Amino acid sequence: MFKINENYLKLPGSYLFSTVGRKEREYKAAHPDKKVIKLSIGDVTQPLVPSIVEALHGAVDEMGKAETFRGYAPDLGYEFLRSAIASGDYKARGVDIDIDEIFVSDGAKCDSGNIQEILGLDNKIAVGDPVYPVYVDSNVMAGRTGTYDAATGMWSNVVYMPCLEENGFAPTLPKETPDIIYLCFPNNPTGATVTKDELQKWVDYANEKKALIIYDAAYEAYISESNVPHTVYECDGAKTCAIELRSFSKNAGFTGVRLGFTVIPKELKCGDVSLNALWARRHGTKYNGAPYIVQRAGEAVYSETGRQELKKQVAYYMNNAKVIKEGLAEAGFSVSGGVNAPYIWLKTVNGMSSWEFFDYVLEKANVVGTPGSGFGPSGEGYFRLTAFGTYENTVEAIERMKKLI
Ligand SMILES: *Cc1c(COP(=O)(O)O)cnc(C)c1O
C-alpha cells in the first residue's frame with residue numbers, strides 16, 4: 001500500500017497571498033467605482049529590455065534551423081552563460097568563481113527549495129523572522145522542522161532570528177547554534193541589508209561552528225550603497241561555508257522567462273565530501289537544464305547594452321521605492337528598507353495588527369499591500385509595500401496613503 005509524505009500534512013495553509021487576493025477582489029466587487037492600486041506583489045511589471053528580446057529572437061531562429069538546432073543543454077548550463085556569470089557577477093567584484101562552481105537553473109525558488117535535498121535530515125535550520133516562506137516550507141516537507149505551534153506560528157526545531165527595529169530588521173547571530181543558516185540580503189520582505197563587515201561576522205561564525213550558509217542574493221542588483229556586499233564571496237572564508245543563490249527574475253524581469261543559478265565552491269566540504277560534487281550529481285540526475293533560448297537571453301543580461309538597459313530598469317523601480325519611502329516618512333510613517341531593495345517595510349499606525357492595517361489601507365486609500373505577519377510572527381505590526389508598480393500608480397498610492405495619518 002502506498003503512503004504519502006506525511007510531512008506535507010504538517011504544512012499550515014499558506015493563506016497570505018490568497019487572502020490578500022480575495023480581499024482585494026471583494027473590495028473591488030463592492031466598490032466598482034474605486035481605482036485600487038496594488039503595491040503588494042513581489043513581481044516585476046516592466047517589459048523585457050530590447051537586448052534581451054533580441055537575444056531571445058536570435059536563439060529561437062537558431063532552434064528553427066538544422067545547423068544551429070540544440071537539444072539537451074549541458075548539465076551545469078551552457079559555458080557561454082556560466083562564463084558571463086563568472087566574469088560579470090564575480091570577477092568584476094574581485095571574486096574568483098570557476099565556471100564549474102556555477103549551476104544554471106530555472107530560478108532561485110526551485111534552487112532554494114531543492115538544495116536541502118543534499119543535506120542530512122538531522123540538520124537544524126535557522127531563518128530570519130520574517131522570512132521568504134520557501135526556506136521553511138521546503139524543510140517542513142523534508143521533515144526537518146519538528147512540530148508546528150499554531151499559537152506562536154513557529155516550528156519546534158527551527159532557530160528563529162527575529163528581524164526587529166532594534167537590529168535594523170536584519171537577523172543577528174543566534175544564541176542557539178544551527179547547522180544551516182538561511183540569509184537573504186537585500187532582504188525580502190524587510191528590504192534590509194548588512195554591510196560587508198557585518199556579513200563577515202556571519203561567515204566567521206559559520207566557519208567556526210561548521211555551519212552552512214545558504215545565501216539568497218536575488219536582489220543584488222538593487223544595492224545602491226557601496227559598503228553592502230554584492231556576493232557572500234566578497235567575505236574571507238565564504239567559500240568554505242556558503243552556497244549562493246542567484247536569480248534573473250528581479251534584475252532582468254525574468255519572473256516569467258525563468259532563469260537562475262547556484263554557486264557551490266569546490267572548497268565547500270562536509271568532512272571530505274564536496275557539496276559541489278553532490279549538487280552536480282543531483283542536477284545531472286533530476287534536472288535537464290534551463291532552455292537554450294533562455295540561457296542566451298541570460299547571456300544578454302551581461303552584454304554592454306543589456307547592462308545599460310537593465311540599470312535603467314532597476315533605477316525605475318528604485319525611484320518608486322524612493323517615492324514610497326520618502327513620501328510616507330514625510331507624512332509621519334515609520335519606514336525602512338527601499339534603499340538597497342525594492343521593498344519598503346512600514347510600521348502600522350495606532351497599534352493596528354498587520355491585517356487590521358491591510359483592511360484600513362484598502363478601505364481608506366484603496367491601496368493593497370502585504371501584511372507583515374504573513375512572513376513570520378515578528379512581522380506582526382508591519383506591512384510590506386513593493387516598488388514594482390508603475391511610477392504613476394506609485395505616486396498616486398502614496399498621495400492617498402499620506403492622508404491616512
Ligand atoms: C523573487 C525571489 C527569488 C527569485 O525566485 P525565482 O524562482 O528565481 O523567480 C528568490 N528569493 C527571494 C527571496 C525572492 O524574493
# chains A, B, ... in the order shown; residues from 1 in each chain; ligands from 1

$ closest_atom_pairs --of "chain A" --to "ligand 1" --cutoff "9 Å" --atoms "only C-alpha atoms and all ligand atoms" --output "Markdown table"
| residue | atom | partner | partner_atom_place_in_ligand_line | distance |
| --- | --- | --- | --- | --- |
| A:Gly42 | CA | ligand 1 | 1 (C) | 6.5 |
| A:Asp43 | CA | ligand 1 | 1 (C) | 7.2 |
| A:Ser105 | CA | ligand 1 | 8 (O) | 8.7 |
| A:Asp106 | CA | ligand 1 | 8 (O) | 6.9 |
| A:Gly107 | CA | ligand 1 | 8 (O) | 3.4 |
| A:Ala108 | CA | ligand 1 | 8 (O) | 3.7 |
| A:Lys109 | CA | ligand 1 | 7 (O) | 3.6 |
| A:Cys110 | CA | ligand 1 | 7 (O) | 5.9 |
| A:Asp111 | CA | ligand 1 | 7 (O) | 7.6 |
| A:Ser112 | CA | ligand 1 | 10 (C) | 7.5 |
| A:Val131 | CA | ligand 1 | 13 (C) | 8.0 |
| A:Tyr132 | CA | ligand 1 | 13 (C) | 5.3 |
| A:Pro133 | CA | ligand 1 | 13 (C) | 8.5 |
| A:Val134 | CA | ligand 1 | 11 (N) | 8.3 |
| A:Cys184 | CA | ligand 1 | 13 (C) | 6.3 |
| A:Phe185 | CA | ligand 1 | 13 (C) | 8.4 |
| A:Pro186 | CA | ligand 1 | 13 (C) | 8.6 |
| A:Asn187 | CA | ligand 1 | 13 (C) | 6.7 |
| A:Asn188 | CA | ligand 1 | 13 (C) | 5.1 |
| A:Pro189 | CA | ligand 1 | 15 (O) | 7.6 |
| A:Asp216 | CA | ligand 1 | 11 (N) | 5.9 |
| A:Ala217 | CA | ligand 1 | 11 (N) | 7.2 |
| A:Ala218 | CA | ligand 1 | 10 (C) | 5.1 |
| A:Tyr219 | CA | ligand 1 | 14 (C) | 7.4 |
| A:Leu245 | CA | ligand 1 | 10 (C) | 7.7 |
| A:Arg246 | CA | ligand 1 | 8 (O) | 7.0 |
| A:Ser247 | CA | ligand 1 | 8 (O) | 4.2 |
| A:Phe248 | CA | ligand 1 | 8 (O) | 6.1 |
| A:Ser249 | CA | ligand 1 | 9 (O) | 4.8 |
| A:Lys250 | CA | ligand 1 | 1 (C) | 6.4 |
| A:Phe254 | CA | ligand 1 | 9 (O) | 7.1 |
| A:Thr255 | CA | ligand 1 | 9 (O) | 4.9 |
| A:Gly256 | CA | ligand 1 | 9 (O) | 7.9 |
| A:Val257 | CA | ligand 1 | 9 (O) | 8.9 |
| A:Arg258 | CA | ligand 1 | 9 (O) | 6.5 |
| A:Leu259 | CA | ligand 1 | 8 (O) | 6.2 |
| A:Gly260 | CA | ligand 1 | 8 (O) | 5.4 |
| A:Phe261 | CA | ligand 1 | 8 (O) | 8.3 |

$ residues_around --residues "range 5-8 of chain A" --least-positions-apart "5" --cutoff "7 Å" --atoms "only C-alpha atoms" --output "JSON, numbers by chain"
{"A": [140, 141, 142, 143]}

$ atom_distance --atom1 "CA of Thr370 in chain A" --atom2 "CA of Val339 in chain A"
18.9 Å

$ atom_distance --atom1 "CA of Ile85 in chain A" --atom2 "CA of Val127 in chain A"
27.5 Å

$ select_by_dssp --residues "range 24-249 of chain A" --states "helix (DSSP H, G or I)" --output "MDAnalysis selection string"
chainID A and resid 24:30 50:63 79:93 99:101 108:118 134:142 165:167 196:209 220:222 232:234 238:240 249

$ closest_atom_pairs --of "range 55-116 of chain A" --to "range 275-282 of chain A" --cutoff "10 Å" --atoms "only C-alpha atoms" --output "tab-separated table"
residue	atom	partner	partner_atom	distance
A:Asp75	CA	A:Ala280	CA	7.9
A:Leu76	CA	A:Ala280	CA	7.4
A:Asp100	CA	A:Asn276	CA	8.7
A:Glu101	CA	A:Asn276	CA	6.9
A:Ile102	CA	A:Asn276	CA	9.2
A:Phe103	CA	A:Ala280	CA	7.9
A:Asn114	CA	A:Arg282	CA	9.4
A:Ile115	CA	A:Trp279	CA	7.8

$ select_by_dssp --residues "range 13-221 of chain A" --states "strand (DSSP E)" --output "VMD selection string"
chain A and resid 37 to 38 102 to 105 125 to 129 148 to 149 154 to 155 158 to 162 180 to 184 212 to 216

$ atom_distance --atom1 "CA of Tyr292 in chain A" --atom2 "CA of Pro74 in chain A"
9.8 Å

$ residues_around --residues "Ser224 in chain A" --least-positions-apart "2" --cutoff "7 Å" --atoms "only C-alpha atoms" --output "list in words"
Tyr222, Ser226, Val339 and Asn340 of chain A

$ residues_around --residues "Glu396 in chain A" --least-positions-apart "4" --cutoff "12 Å" --atoms "only C-alpha atoms" --output "ChimeraX atom specification"
/A:35-39,320,323-324,327,365-367,389-392,400-403

$ residues_around --residues "range 144-148 of chain A" --least-positions-apart "5" --cutoff "8 Å" --atoms "only C-alpha atoms" --output "list in words"
Lys10, Leu121, Asp122, Asn123, Lys124, Ile125, Val136, Asn139, Gly153, Met154, Trp155, Ser156, Asn157 and Val158 of chain A

$ write_last_selection --atoms "C-alpha atoms" --output "PDB file, in the first residue's frame"
ATOM      1  CA  LYS A  10       2.110  19.448   8.766  1.00  0.00           C
ATOM      2  CA  LEU A 121      17.660  15.355   7.831  1.00  0.00           C
ATOM      3  CA  ASP A 122      19.124  15.936  11.266  1.00  0.00           C
ATOM      4  CA  ASN A 123      20.349  19.432  10.431  1.00  0.00           C
ATOM      5  CA  LYS A 124      18.785  22.272  12.372  1.00  0.00           C
ATOM      6  CA  ILE A 125      17.984  25.308  10.244  1.00  0.00           C
ATOM      7  CA  VAL A 136      10.958  26.938   5.979  1.00  0.00           C
ATOM      8  CA  ASN A 139      12.382  21.962   5.167  1.00  0.00           C
ATOM      9  CA  GLY A 153       3.374  30.409  14.283  1.00  0.00           C
ATOM     10  CA  MET A 154       6.697  28.674  14.948  1.00  0.00           C
ATOM     11  CA  TRP A 155       8.253  25.236  14.377  1.00  0.00           C
ATOM     12  CA  SER A 156       9.809  23.439  17.344  1.00  0.00           C
ATOM     13  CA  ASN A 157      13.039  22.529  15.541  1.00  0.00           C
ATOM     14  CA  VAL A 158      13.779  25.809  13.771  1.00  0.00           C
TER      15      VAL A 158
END

$ residues_around --residues "Ile213 in chain A" --least-positions-apart "3" --cutoff "10 Å" --atoms "only C-alpha atoms" --output "mmCIF file with N, CA and C atoms, in the first residue's frame"
data_model
loop_
_atom_site.group_PDB
_atom_site.id
_atom_site.type_symbol
_atom_site.label_atom_id
_atom_site.label_comp_id
_atom_site.auth_asym_id
_atom_site.auth_seq_id
_atom_site.Cartn_x
_atom_site.Cartn_y
_atom_site.Cartn_z
ATOM 1 N N ILE A 125 17.871 24.091 11.053
ATOM 2 C CA ILE A 125 17.984 25.308 10.244
ATOM 3 C C ILE A 125 17.687 26.561 11.078
ATOM 4 N N ALA A 126 18.282 27.662 10.658
ATOM 5 C CA ALA A 126 17.984 28.971 11.250
ATOM 6 C C ALA A 126 17.496 29.888 10.140
ATOM 7 N N ASP A 179 22.750 24.374 12.227
ATOM 8 C CA ASP A 179 23.653 23.713 11.267
ATOM 9 C C ASP A 179 23.605 24.403 9.907
ATOM 10 N N ILE A 180 22.419 24.905 9.573
ATOM 11 C CA ILE A 180 22.226 25.562 8.272
ATOM 12 C C ILE A 180 21.584 26.923 8.534
ATOM 13 N N ILE A 181 22.163 27.956 7.935
ATOM 14 C CA ILE A 181 21.657 29.315 8.168
ATOM 15 C C ILE A 181 21.212 29.914 6.835
ATOM 16 N N TYR A 182 19.951 30.261 6.734
ATOM 17 C CA TYR A 182 19.456 30.928 5.537
ATOM 18 C C TYR A 182 19.592 32.434 5.722
ATOM 19 N N LEU A 183 20.287 33.076 4.798
ATOM 20 C CA LEU A 183 20.389 34.536 4.818
ATOM 21 C C LEU A 183 19.932 35.065 3.466
ATOM 22 N N TRP A 202 29.045 36.772 10.010
ATOM 23 C CA TRP A 202 28.261 35.555 9.757
ATOM 24 C C TRP A 202 29.152 34.456 9.178
ATOM 25 N N VAL A 203 30.020 34.864 8.250
ATOM 26 C CA VAL A 203 30.907 33.892 7.604
ATOM 27 C C VAL A 203 31.875 33.309 8.638
ATOM 28 N N TYR A 205 31.406 33.131 11.844
ATOM 29 C CA TYR A 205 30.590 32.318 12.745
ATOM 30 C C TYR A 205 30.321 30.941 12.130
ATOM 31 N N ALA A 206 29.938 30.931 10.857
ATOM 32 C CA ALA A 206 29.626 29.664 10.183
ATOM 33 C C ALA A 206 30.862 28.774 10.111
ATOM 34 N N ASN A 207 31.990 29.352 9.767
ATOM 35 C CA ASN A 207 33.222 28.553 9.701
ATOM 36 C C ASN A 207 33.591 28.006 11.075
ATOM 37 N N LYS A 210 31.125 25.281 12.005
ATOM 38 C CA LYS A 210 30.957 24.311 10.928
ATOM 39 C C LYS A 210 29.502 24.260 10.448
ATOM 40 N N ASP A 216 20.876 33.884 -0.204
ATOM 41 C CA ASP A 216 19.972 34.235 -1.299
ATOM 42 C C ASP A 216 20.223 35.690 -1.685
ATOM 43 N N VAL A 232 28.231 36.910 -1.256
ATOM 44 C CA VAL A 232 28.781 36.467 0.036
ATOM 45 C C VAL A 232 30.275 36.185 -0.090
ATOM 46 N N ALA A 238 34.328 32.646 2.860
ATOM 47 C CA ALA A 238 32.950 32.268 2.494
ATOM 48 C C ALA A 238 32.919 30.997 1.642
ATOM 49 N N THR A 240 34.327 28.283 2.073
ATOM 50 C CA THR A 240 34.298 27.031 2.839
ATOM 51 C C THR A 240 33.003 26.883 3.637
ATOM 52 N N CYS A 241 32.094 27.871 3.537
ATOM 53 C CA CYS A 241 30.865 27.747 4.349
ATOM 54 C C CYS A 241 29.597 28.216 3.651
ATOM 55 N N ALA A 242 29.678 28.707 2.400
ATOM 56 C CA ALA A 242 28.455 29.302 1.844
ATOM 57 C C ALA A 242 28.131 28.857 0.417
ATOM 58 N N ILE A 243 26.843 28.662 0.208
ATOM 59 C CA ILE A 243 26.257 28.429 -1.116
ATOM 60 C C ILE A 243 25.518 29.713 -1.461
ATOM 61 N N GLU A 244 25.636 30.173 -2.702
ATOM 62 C CA GLU A 244 24.918 31.401 -3.075
ATOM 63 C C GLU A 244 23.863 31.115 -4.138
#

$ residues_around --residues "Tyr15 in chain A" --least-positions-apart "5" --cutoff "12 Å" --atoms "only C-alpha atoms" --output "list of chain:residue names"
A:Val20, A:Gly21, A:Arg22, A:Lys23, A:Pro133, A:Thr370, A:Pro371, A:Ser373, A:Gly374, A:Phe375
